[in-house]
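Trainee: Pasting a structure below so you can have a look.
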Amino acid sequence: MSRAALLVLADGRFPAGGHAHSGGAEAAVKAGRITDAATLEEFCRGRLHTAGLVAGALAAAAALGADPGELDAAADARTPSPALRTAARRLGRQLLRAARSTWPSSELDALAREFPKGAHQPVVLGLAARAAGLGPEDAAHCAAYESVSGPATATVRLLSLDPFDATGALARLAPELDRVADRAVAAARRVRAEGADALPAASGPLLEVGAEWHAAWPVRLFAS
Amino acid sequence: MHLGHTHDGPAAVSADARRPDGTRRALRVGLGGPVGSGKTATVAALCRALRAELSLAVVTNDIYTREDAEFLLREAVLPPERISAVETGACPHTAIRDDISANLEAVEDLEDTVGPLDLILVESGGDNLTATFSKGLVDAQIFVIDVAGGDDIPRKGGPGVTTADLLVVNKTDLAPYVGSDLARMSADAREQRAGLPVVFQSLRGGDGVADVAAWVRGRLAAWTA
Ligand SMILES: Nc1nc2c(ncn2[C@@H]2O[C@H](COP(=O)(O)OP(=O)(O)OP(=O)(O)O)[C@@H](O)[C@H]2O)c(=O)[nH]1
Ligand SMILES: [Mg+2]
């Protein structure tokens, strides 16, 4: 395991398309649910324990070598909103491109052949971690961290929030994020024996509803 | 769609000149420049000038709307399936330079669905003087400024003005009304650009986009040679 490879994969500047997505923050801002640093932190906490946990478990399972097709179907089943499924596949395709170029691997090439229009992003993330020589804990941490870092940076742009406050919120979530990643990895380790049903299926209904609402806006800053 | 291809390799990663099936991909030309300088108008005029002789498509990168794509659709410069809009999360320069993945997907999808294509024009949303396209995304780039944005812009330089393969100074028809000194703009631009070409144009008269269209034809001839 290389700690430096984890930094490369987890870098917010890793060119995989995330900058154009708000992780539901744009809809939550418009709905008045995120108004300042405190409400941003609550939003991120909710996202971490729902979408973040599921993404972490999917990524960890992929990093452990579970069948990507089965994991992709499991991700579909855990994502009620069609808009979110589309966004997850689009981001997965973009990440796959970046990962194949960064860590060439026959497993990533095979995934590109099986899903030319993209697999769910956490599944690709787990396989990218694997290609980078990283383990399931790394993959789960990356996925869980992305579930909160995306909304935080987007909110800085949307509300002109003080960037130090947004980063402080992320830092306060860090201990919880470690525990979520641990739970994600524990679930992922059961997939080999029990199949993808062992993965968590937590979801935030407002995230799903908000994504559908957001996708219909004619004017918006972020793609999701 | 990929289904019709006989290759068994996965899709290309970045700027590869060949598509997975071995054919040459389209030439990709980026158009960047400050807000309102005439990028979309130049794209529209280029489509009208070239569509009879070339197979064309356009990708737009709007900041927060689909205005540019919708303008091109309204003007019917190309059939709708040849125009694709990328969402940039409030940062067009990121989408054309630092993280080009969404734009690469857009150009590849256009080639898959309406190809084969000779030329894809990629318009950046209006941005600042440092916004340039990645070489992983486009083969050549045009930087569009206008005479009304201040006649000191060529002198100020910046990566767009100094390094773009073609600098277009647009809206020359407005020069008398805004007091811009075209001779000075021309001299400053030439000084900044070390021999790279500069075109002065007005899309409201004269030869319109003819010089830029000729430059694009030249690039295409070099690409397919
Ligand atoms: N007078 C004059 N107006 C022009 C010319 N070219 C474009 N315009 C006008 O300038 C305005 C802006 O043109 P666009 O083509 O939308 O500019 P743009 O660079 O695409 O703008 P953004 O995408 O918003 O950055 C429009 O009202 C055009 O009709 C020109 O040569 N002369
Ligand atoms: Mg425009």
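Ligands are numbered from 1 in the order shown, chains are lettered A, B, ... in the order of the structure tokens, and residues start at 1 in each chain.
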At a cut-off of 10 Å, which residues of chain A touch chain B? Count only C-alpha atoms and give the answer as a PDB file with N, CA and C atoms, in the first residue's frame.
Mentor:
ATOM      1  N   ARG A  13      -8.162  17.916  -7.069  1.00  0.00           N
ATOM      2  CA  ARG A  13      -7.829  18.312  -8.442  1.00  0.00           C
ATOM      3  C   ARG A  13      -7.636  17.116  -9.362  1.00  0.00           C
ATOM      4  N   PHE A  14      -7.823  15.924  -8.854  1.00  0.00           N
ATOM      5  CA  PHE A  14      -7.749  14.766  -9.746  1.00  0.00           C
ATOM      6  C   PHE A  14      -8.780  14.986 -10.856  1.00  0.00           C
ATOM      7  N   PRO A  15      -8.333  14.957 -12.129  1.00  0.00           N
ATOM      8  CA  PRO A  15      -9.225  15.436 -13.202  1.00  0.00           C
ATOM      9  C   PRO A  15     -10.298  14.426 -13.603  1.00  0.00           C
ATOM     10  N   ALA A  16     -11.296  14.281 -12.777  1.00  0.00           N
ATOM     11  CA  ALA A  16     -12.333  13.276 -13.025  1.00  0.00           C
ATOM     12  C   ALA A  16     -13.731  13.870 -13.010  1.00  0.00           C
ATOM     13  N   GLY A  17     -13.843  15.175 -13.229  1.00  0.00           N
ATOM     14  CA  GLY A  17     -15.161  15.765 -13.451  1.00  0.00           C
ATOM     15  C   GLY A  17     -15.917  16.241 -12.230  1.00  0.00           C
ATOM     16  N   GLY A  18     -15.411  15.979 -11.038  1.00  0.00           N
ATOM     17  CA  GLY A  18     -16.162  16.308  -9.824  1.00  0.00           C
ATOM     18  C   GLY A  18     -16.457  17.790  -9.648  1.00  0.00           C
ATOM     19  N   HIS A  19     -15.612  18.638 -10.242  1.00  0.00           N
ATOM     20  CA  HIS A  19     -15.771  20.070 -10.027  1.00  0.00           C
ATOM     21  C   HIS A  19     -17.105  20.616 -10.530  1.00  0.00           C
ATOM     22  N   ALA A  20     -17.744  19.905 -11.445  1.00  0.00           N
ATOM     23  CA  ALA A  20     -18.994  20.414 -12.025  1.00  0.00           C
ATOM     24  C   ALA A  20     -20.229  19.929 -11.256  1.00  0.00           C
ATOM     25  N   HIS A  21     -20.028  19.195 -10.172  1.00  0.00           N
ATOM     26  CA  HIS A  21     -21.150  18.630  -9.413  1.00  0.00           C
ATOM     27  C   HIS A  21     -21.130  19.147  -7.980  1.00  0.00           C
ATOM     28  N   SER A  22     -22.334  19.348  -7.422  1.00  0.00           N
ATOM     29  CA  SER A  22     -22.406  19.906  -6.067  1.00  0.00           C
ATOM     30  C   SER A  22     -22.819  18.874  -5.033  1.00  0.00           C
ATOM     31  N   ARG A  90     -22.090   9.176 -15.312  1.00  0.00           N
ATOM     32  CA  ARG A  90     -21.269  10.149 -16.043  1.00  0.00           C
ATOM     33  C   ARG A  90     -19.945  10.358 -15.301  1.00  0.00           C
ATOM     34  N   LEU A  91     -20.040  10.527 -13.984  1.00  0.00           N
ATOM     35  CA  LEU A  91     -18.814  10.718 -13.193  1.00  0.00           C
ATOM     36  C   LEU A  91     -17.955   9.464 -13.202  1.00  0.00           C
ATOM     37  N   ARG A  93     -17.697   7.393 -15.669  1.00  0.00           N
ATOM     38  CA  ARG A  93     -17.014   7.345 -16.969  1.00  0.00           C
ATOM     39  C   ARG A  93     -15.825   8.301 -16.974  1.00  0.00           C
ATOM     40  N   GLN A  94     -16.022   9.483 -16.406  1.00  0.00           N
ATOM     41  CA  GLN A  94     -14.933  10.460 -16.384  1.00  0.00           C
ATOM     42  C   GLN A  94     -13.792   9.978 -15.501  1.00  0.00           C
ATOM     43  N   LEU A  95     -14.138   9.376 -14.355  1.00  0.00           N
ATOM     44  CA  LEU A  95     -13.092   8.851 -13.466  1.00  0.00           C
ATOM     45  C   LEU A  95     -12.352   7.697 -14.130  1.00  0.00           C
ATOM     46  N   LEU A  96     -13.097   6.886 -14.853  1.00  0.00           N
ATOM     47  CA  LEU A  96     -12.464   5.743 -15.514  1.00  0.00           C
ATOM     48  C   LEU A  96     -11.421   6.212 -16.527  1.00  0.00           C
ATOM     49  N   ARG A  97     -11.766   7.259 -17.254  1.00  0.00           N
ATOM     50  CA  ARG A  97     -10.820   7.810 -18.230  1.00  0.00           C
ATOM     51  C   ARG A  97      -9.548   8.280 -17.508  1.00  0.00           C
ATOM     52  N   ALA A  98      -9.738   9.050 -16.445  1.00  0.00           N
ATOM     53  CA  ALA A  98      -8.575   9.591 -15.726  1.00  0.00           C
ATOM     54  C   ALA A  98      -7.756   8.459 -15.106  1.00  0.00           C
ATOM     55  N   ALA A  99      -8.440   7.464 -14.536  1.00  0.00           N
ATOM     56  CA  ALA A  99      -7.734   6.383 -13.854  1.00  0.00           C
ATOM     57  C   ALA A  99      -6.975   5.512 -14.849  1.00  0.00           C
ATOM     58  N   ARG A 100      -7.590   5.239 -16.017  1.00  0.00           N
ATOM     59  CA  ARG A 100      -6.907   4.394 -17.011  1.00  0.00           C
ATOM     60  C   ARG A 100      -5.634   5.069 -17.493  1.00  0.00           C
ATOM     61  N   SER A 101      -5.693   6.388 -17.588  1.00  0.00           N
ATOM     62  CA  SER A 101      -4.521   7.103 -18.038  1.00  0.00           C
ATOM     63  C   SER A 101      -3.470   7.177 -16.926  1.00  0.00           C
ATOM     64  N   LEU A 108      -9.187  -2.108 -15.402  1.00  0.00           N
ATOM     65  CA  LEU A 108      -9.870  -0.862 -15.782  1.00  0.00           C
ATOM     66  C   LEU A 108     -10.257  -0.900 -17.260  1.00  0.00           C
ATOM     67  N   ASP A 109      -9.372  -1.449 -18.108  1.00  0.00           N
ATOM     68  CA  ASP A 109      -9.715  -1.582 -19.528  1.00  0.00           C
ATOM     69  C   ASP A 109     -10.953  -2.457 -19.701  1.00  0.00           C
ATOM     70  N   ALA A 110     -11.006  -3.556 -18.930  1.00  0.00           N
ATOM     71  CA  ALA A 110     -12.159  -4.454 -19.027  1.00  0.00           C
ATOM     72  C   ALA A 110     -13.434  -3.730 -18.599  1.00  0.00           C
ATOM     73  N   LEU A 111     -13.328  -2.912 -17.564  1.00  0.00           N
ATOM     74  CA  LEU A 111     -14.499  -2.156 -17.108  1.00  0.00           C
ATOM     75  C   LEU A 111     -14.959  -1.181 -18.192  1.00  0.00           C
ATOM     76  N   ALA A 112     -13.987  -0.541 -18.866  1.00  0.00           N
ATOM     77  CA  ALA A 112     -14.330   0.397 -19.943  1.00  0.00           C
ATOM     78  C   ALA A 112     -15.043  -0.329 -21.083  1.00  0.00           C
ATOM     79  N   ARG A 113     -14.647  -1.574 -21.337  1.00  0.00           N
ATOM     80  CA  ARG A 113     -15.317  -2.342 -22.386  1.00  0.00           C
ATOM     81  C   ARG A 113     -16.727  -2.732 -21.971  1.00  0.00           C
ATOM     82  N   GLU A 114     -16.872  -3.116 -20.691  1.00  0.00           N
ATOM     83  CA  GLU A 114     -18.188  -3.570 -20.223  1.00  0.00           C
ATOM     84  C   GLU A 114     -19.157  -2.387 -20.088  1.00  0.00           C
ATOM     85  N   PHE A 115     -18.609  -1.205 -19.708  1.00  0.00           N
ATOM     86  CA  PHE A 115     -19.469  -0.029 -19.489  1.00  0.00           C
ATOM     87  C   PHE A 115     -18.945   1.153 -20.286  1.00  0.00           C
ATOM     88  N   PRO A 116     -19.096   1.136 -21.632  1.00  0.00           N
ATOM     89  CA  PRO A 116     -18.543   2.241 -22.424  1.00  0.00           C
ATOM     90  C   PRO A 116     -19.152   3.598 -22.052  1.00  0.00           C
ATOM     91  N   LYS A 117     -20.363   3.605 -21.526  1.00  0.00           N
ATOM     92  CA  LYS A 117     -20.978   4.885 -21.133  1.00  0.00           C
ATOM     93  C   LYS A 117     -20.882   5.111 -19.626  1.00  0.00           C
ATOM     94  N   ALA A 154     -18.699  23.218  -3.291  1.00  0.00           N
ATOM     95  CA  ALA A 154     -19.785  23.832  -4.076  1.00  0.00           C
ATOM     96  C   ALA A 154     -20.456  24.941  -3.275  1.00  0.00           C
ATOM     97  N   ARG A 157     -18.801  28.245  -3.339  1.00  0.00           N
ATOM     98  CA  ARG A 157     -19.104  29.010  -4.548  1.00  0.00           C
ATOM     99  C   ARG A 157     -20.537  29.547  -4.537  1.00  0.00           C
ATOM    100  N   LEU A 158     -21.473  28.713  -4.069  1.00  0.00           N
ATOM    101  CA  LEU A 158     -22.887  29.082  -4.157  1.00  0.00           C
ATOM    102  C   LEU A 158     -23.258  30.194  -3.182  1.00  0.00           C
ATOM    103  N   TRP A 217     -34.167  22.205 -13.582  1.00  0.00           N
ATOM    104  CA  TRP A 217     -33.973  23.671 -13.648  1.00  0.00           C
ATOM    105  C   TRP A 217     -33.357  24.057 -14.988  1.00  0.00           C
ATOM    106  N   PRO A 218     -33.851  25.163 -15.586  1.00  0.00           N
ATOM    107  CA  PRO A 218     -33.213  25.625 -16.822  1.00  0.00           C
ATOM    108  C   PRO A 218     -31.883  26.325 -16.550  1.00  0.00           C
ATOM    109  N   VAL A 219     -31.728  26.923 -15.376  1.00  0.00           N
ATOM    110  CA  VAL A 219     -30.504  27.664 -15.064  1.00  0.00           C
ATOM    111  C   VAL A 219     -29.922  27.150 -13.758  1.00  0.00           C
ATOM    112  N   ARG A 220     -28.697  26.668 -13.815  1.00  0.00           N
ATOM    113  CA  ARG A 220     -28.041  26.176 -12.602  1.00  0.00           C
ATOM    114  C   ARG A 220     -26.540  26.246 -12.782  1.00  0.00           C
ATOM    115  N   LEU A 221     -25.823  26.287 -11.671  1.00  0.00           N
ATOM    116  CA  LEU A 221     -24.374  26.363 -11.758  1.00  0.00           C
ATOM    117  C   LEU A 221     -23.745  24.986 -11.897  1.00  0.00           C
ATOM    118  N   PHE A 222     -24.351  23.985 -11.259  1.00  0.00           N
ATOM    119  CA  PHE A 222     -23.740  22.656 -11.209  1.00  0.00           C
ATOM    120  C   PHE A 222     -24.572  21.633 -11.972  1.00  0.00           C
ATOM    121  N   ALA A 223     -23.909  20.587 -12.423  1.00  0.00           N
ATOM    122  CA  ALA A 223     -24.598  19.559 -13.212  1.00  0.00           C
ATOM    123  C   ALA A 223     -25.475  18.668 -12.334  1.00  0.00           C
ATOM    124  N   SER A 224     -25.142  18.533 -11.041  1.00  0.00           N
ATOM    125  CA  SER A 224     -26.008  17.776 -10.122  1.00  0.00           C
ATOM    126  C   SER A 224     -25.760  18.283  -8.715  1.00  0.00           C
TER     127      SER A 224
END
Trainee: Output the neighbourhood of ligand 1 as an MDAnalysis selection string, that is, all protein and nucleic acid residues with some atom at most 10 Å from the ligand, counting only C-alpha atoms and all ligand atoms.
Mentor: chainID B and resid 31:45 60:63 67:69 71:72 123:128 143:148 169:175 200:206 208:209
Trainee: For N, CA and C atoms, I'd like the residues from the last selection saved as a compact mmCIF listing (two decimals), in the first residue's frame.
Mentor:
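As a result, selection-v2.txt now contains:
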# COMPACT_ATOMS: atom_id res chain seq x y z
N LEU B 31 -12.55 27.56 -29.05
CA LEU B 31 -12.71 29.02 -29.12
C LEU B 31 -12.92 29.55 -27.71
N GLY B 32 -11.98 30.38 -27.26
CA GLY B 32 -12.09 30.96 -25.93
C GLY B 32 -12.02 32.47 -26.01
N GLY B 33 -12.13 33.12 -24.84
CA GLY B 33 -12.04 34.58 -24.82
C GLY B 33 -12.99 35.16 -23.80
N PRO B 34 -12.87 36.48 -23.56
CA PRO B 34 -13.70 37.12 -22.54
C PRO B 34 -15.19 37.06 -22.86
N VAL B 35 -16.00 37.32 -21.85
CA VAL B 35 -17.47 37.28 -21.99
C VAL B 35 -17.92 38.25 -23.09
N GLY B 36 -18.76 37.76 -23.98
CA GLY B 36 -19.42 38.62 -24.95
C GLY B 36 -18.56 39.08 -26.11
N SER B 37 -17.39 38.50 -26.31
CA SER B 37 -16.50 38.99 -27.36
C SER B 37 -16.94 38.54 -28.76
N GLY B 38 -17.82 37.53 -28.80
CA GLY B 38 -18.31 37.08 -30.12
C GLY B 38 -17.92 35.64 -30.44
N LYS B 39 -17.69 34.82 -29.41
CA LYS B 39 -17.33 33.42 -29.64
C LYS B 39 -18.49 32.66 -30.30
N THR B 40 -19.69 32.78 -29.70
CA THR B 40 -20.82 32.05 -30.27
C THR B 40 -21.15 32.56 -31.66
N ALA B 41 -21.07 33.87 -31.84
CA ALA B 41 -21.35 34.43 -33.17
C ALA B 41 -20.33 33.91 -34.19
N THR B 42 -19.07 33.77 -33.76
CA THR B 42 -18.05 33.24 -34.68
C THR B 42 -18.31 31.76 -34.98
N VAL B 43 -18.69 31.01 -33.94
CA VAL B 43 -19.02 29.59 -34.15
C VAL B 43 -20.17 29.47 -35.15
N ALA B 44 -21.21 30.31 -34.94
CA ALA B 44 -22.38 30.24 -35.84
C ALA B 44 -21.97 30.57 -37.27
N ALA B 45 -21.15 31.60 -37.41
CA ALA B 45 -20.73 32.00 -38.76
C ALA B 45 -19.85 30.93 -39.41
N THR B 60 -20.57 23.27 -26.57
CA THR B 60 -20.52 24.54 -25.84
C THR B 60 -20.26 24.26 -24.36
N ASN B 61 -19.60 25.20 -23.70
CA ASN B 61 -19.35 25.12 -22.26
C ASN B 61 -19.92 26.38 -21.63
N ASP B 62 -21.18 26.34 -21.22
CA ASP B 62 -21.76 27.53 -20.63
C ASP B 62 -21.46 27.57 -19.15
N ILE B 63 -21.53 28.78 -18.60
CA ILE B 63 -21.20 28.92 -17.18
C ILE B 63 -22.35 28.42 -16.33
N GLU B 67 -27.45 28.76 -22.74
CA GLU B 67 -27.68 29.87 -23.67
C GLU B 67 -26.98 29.68 -25.01
N ASP B 68 -25.69 29.37 -24.97
CA ASP B 68 -24.94 29.29 -26.22
C ASP B 68 -25.47 28.17 -27.10
N ALA B 69 -25.69 26.99 -26.48
CA ALA B 69 -26.23 25.88 -27.25
C ALA B 69 -27.60 26.25 -27.80
N PHE B 71 -28.80 29.25 -28.45
CA PHE B 71 -28.67 30.23 -29.53
C PHE B 71 -28.36 29.52 -30.85
N LEU B 72 -27.41 28.58 -30.79
CA LEU B 72 -27.03 27.87 -32.02
C LEU B 72 -28.20 27.03 -32.54
N GLU B 123 -16.58 25.54 -27.86
CA GLU B 123 -16.62 26.91 -27.35
C GLU B 123 -16.54 26.91 -25.84
N SER B 124 -15.63 27.71 -25.29
CA SER B 124 -15.59 27.90 -23.85
C SER B 124 -16.57 28.99 -23.47
N GLY B 125 -17.16 28.89 -22.29
CA GLY B 125 -17.93 30.01 -21.77
C GLY B 125 -16.99 31.19 -21.60
N GLY B 126 -17.53 32.40 -21.66
CA GLY B 126 -16.68 33.59 -21.51
C GLY B 126 -15.93 33.53 -20.19
N ASP B 127 -14.63 33.81 -20.26
CA ASP B 127 -13.83 33.68 -19.05
C ASP B 127 -12.79 34.80 -19.04
N ASN B 128 -11.63 34.57 -18.47
CA ASN B 128 -10.66 35.66 -18.34
C ASN B 128 -9.52 35.48 -19.34
N PHE B 143 -8.47 32.48 -29.90
CA PHE B 143 -8.85 33.36 -28.79
C PHE B 143 -9.56 34.56 -29.39
N VAL B 144 -10.79 34.81 -28.93
CA VAL B 144 -11.60 35.88 -29.51
C VAL B 144 -11.72 37.03 -28.51
N ILE B 145 -11.21 38.20 -28.89
CA ILE B 145 -11.45 39.41 -28.09
C ILE B 145 -12.21 40.37 -28.99
N ASP B 146 -12.66 41.50 -28.43
CA ASP B 146 -13.34 42.45 -29.31
C ASP B 146 -12.81 43.86 -29.07
N VAL B 147 -13.11 44.74 -30.00
CA VAL B 147 -12.55 46.08 -29.91
C VAL B 147 -13.21 46.88 -28.79
N ALA B 148 -14.40 46.45 -28.36
CA ALA B 148 -15.14 47.22 -27.36
C ALA B 148 -14.72 46.88 -25.93
N VAL B 169 -9.64 39.56 -33.39
CA VAL B 169 -10.13 40.81 -32.80
C VAL B 169 -11.44 41.12 -33.50
N ASN B 170 -12.53 40.95 -32.77
CA ASN B 170 -13.88 40.97 -33.37
C ASN B 170 -14.54 42.34 -33.18
N LYS B 171 -15.62 42.53 -33.90
CA LYS B 171 -16.47 43.74 -33.80
C LYS B 171 -15.73 45.00 -34.24
N THR B 172 -14.93 44.88 -35.30
CA THR B 172 -14.22 46.07 -35.78
C THR B 172 -15.20 47.17 -36.20
N ASP B 173 -16.43 46.80 -36.52
CA ASP B 173 -17.43 47.81 -36.90
C ASP B 173 -17.71 48.78 -35.76
N LEU B 174 -17.43 48.34 -34.51
CA LEU B 174 -17.73 49.21 -33.36
C LEU B 174 -16.59 50.16 -33.02
N ALA B 175 -15.45 49.99 -33.65
CA ALA B 175 -14.26 50.77 -33.26
C ALA B 175 -14.51 52.27 -33.23
N PHE B 200 -8.49 40.51 -37.84
CA PHE B 200 -9.48 41.51 -37.43
C PHE B 200 -10.73 41.24 -38.24
N GLN B 201 -11.88 41.14 -37.56
CA GLN B 201 -13.10 40.85 -38.30
C GLN B 201 -14.29 41.59 -37.71
N SER B 202 -15.31 41.78 -38.56
CA SER B 202 -16.62 42.19 -38.08
C SER B 202 -17.62 41.20 -38.63
N LEU B 203 -18.47 40.71 -37.76
CA LEU B 203 -19.51 39.78 -38.24
C LEU B 203 -20.72 40.56 -38.70
N ARG B 204 -20.62 41.90 -38.67
CA ARG B 204 -21.74 42.75 -39.12
C ARG B 204 -21.46 43.35 -40.49
N GLY B 205 -20.51 42.80 -41.23
CA GLY B 205 -20.29 43.37 -42.55
C GLY B 205 -18.98 42.89 -43.13
N GLY B 206 -18.58 43.43 -44.25
CA GLY B 206 -17.33 43.06 -44.89
C GLY B 206 -17.32 41.57 -45.21
N GLY B 208 -16.93 39.24 -43.06
CA GLY B 208 -17.40 38.41 -41.96
C GLY B 208 -16.33 37.45 -41.48
N VAL B 209 -16.72 36.18 -41.43
CA VAL B 209 -15.85 35.17 -40.83
C VAL B 209 -14.87 34.54 -41.84
Trainee: Looking only at helix (DSSP H, G or I) from DSSP on the backbone, list the matching residues of region 86-210 of chain A as a PyMOL selection string.
Mentor: chain A and resi 86-102+106-114+121-131+136-159+163-189+191-194+196-198+205-210
Trainee: Write out, as a tab-separated table, each residue of region 24-114 of chain A that has an atom at most 10 Å from region 159-170 of chain A, together with the closest pair of atoms and their distance in Å to one decimal, counting only C-alpha atoms, rows going by chain and rising number.
Mentor:
residue	atom	partner	partner_atom	distance
A:Glu26	CA	A:Leu159	CA	9.6
A:Val29	CA	A:Leu159	CA	8.0
A:Ile34	CA	A:Leu159	CA	9.0
A:Thr35	CA	A:Leu159	CA	7.6
A:Asp36	CA	A:Leu161	CA	7.0
A:Ala37	CA	A:Asp165	CA	6.0
A:Ala38	CA	A:Ala169	CA	7.7
A:Thr39	CA	A:Ala169	CA	9.7
A:Leu40	CA	A:Ala166	CA	7.6
A:Glu41	CA	A:Ala169	CA	5.4
A:Glu42	CA	A:Ala169	CA	9.0
A:Cys44	CA	A:Leu170	CA	8.2
A:Arg45	CA	A:Leu170	CA	9.3
Trainee: Of the residues B:Val58, B:Leu196, B:Ala189, B:Ala210, which is the one nearest to ligand 2, using only C-alpha atoms and all ligand atoms?
Mentor: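 For ligand 2, the nearest of the candidates is B:Val58.
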Trainee: Residues within 9 Å of Asp139 (chain B), please, as a short mmCIF file (atom, residue, chain, number, x, y, z; two decimals) with N, CA and C atoms, in the first residue's frame. Count only C-alpha atoms; anything in the same chain fewer than 3 positions from it doesn't count.
Mentor:
data_model
loop_
_atom_site.label_atom_id
_atom_site.label_comp_id
_atom_site.auth_asym_id
_atom_site.auth_seq_id
_atom_site.Cartn_x
_atom_site.Cartn_y
_atom_site.Cartn_z
N ALA B 15 -5.98 12.56 -26.11
CA ALA B 15 -5.87 13.27 -27.38
C ALA B 15 -5.49 12.36 -28.55
N LEU B 27 -10.76 16.86 -36.31
CA LEU B 27 -9.94 17.96 -35.80
C LEU B 27 -10.78 18.70 -34.76
N ARG B 28 -10.16 19.02 -33.62
CA ARG B 28 -10.89 19.75 -32.57
C ARG B 28 -10.29 21.14 -32.42
N VAL B 29 -11.12 22.15 -32.61
CA VAL B 29 -10.67 23.54 -32.49
C VAL B 29 -11.42 24.22 -31.35
N GLY B 30 -10.70 24.79 -30.40
CA GLY B 30 -11.31 25.48 -29.26
C GLY B 30 -11.45 26.96 -29.55
N SER B 134 -6.71 22.92 -22.91
CA SER B 134 -5.70 21.89 -22.78
C SER B 134 -5.39 21.28 -24.15
N LYS B 135 -4.12 20.93 -24.35
CA LYS B 135 -3.75 20.23 -25.59
C LYS B 135 -4.30 18.81 -25.61
N GLY B 136 -4.74 18.32 -24.45
CA GLY B 136 -5.40 17.01 -24.42
C GLY B 136 -6.81 17.06 -24.97
N TRP B 223 -4.13 18.61 -40.75
CA TRP B 223 -4.55 17.49 -39.90
C TRP B 223 -4.76 16.21 -40.71
#
Trainee: Taking only C-alpha atoms and all ligand atoms into account, which of B:Ala213, B:Cys47, B:Glu70, B:Asp16 comes nearest ligand 2?
Mentor: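 For ligand 2, the nearest of the given residues is B:Glu70.
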Trainee: Of the residues B:Ile96, B:Thr224, B:Glu75, B:Thr23, which is the one nearest to Val59 (chain B), using only C-alpha atoms?
Mentor: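 Closest residue, counting only C-alpha atoms: B:Ile96.
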Trainee: Of the candidates B:Ala76, B:Ala52, B:Ala222, B:Val199, which one gets nearest to Ala140 (chain B) if we count only C-alpha atoms?
Mentor: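 Looking at the shortest contact to Ala140 (chain B), the residue is B:Ala222.
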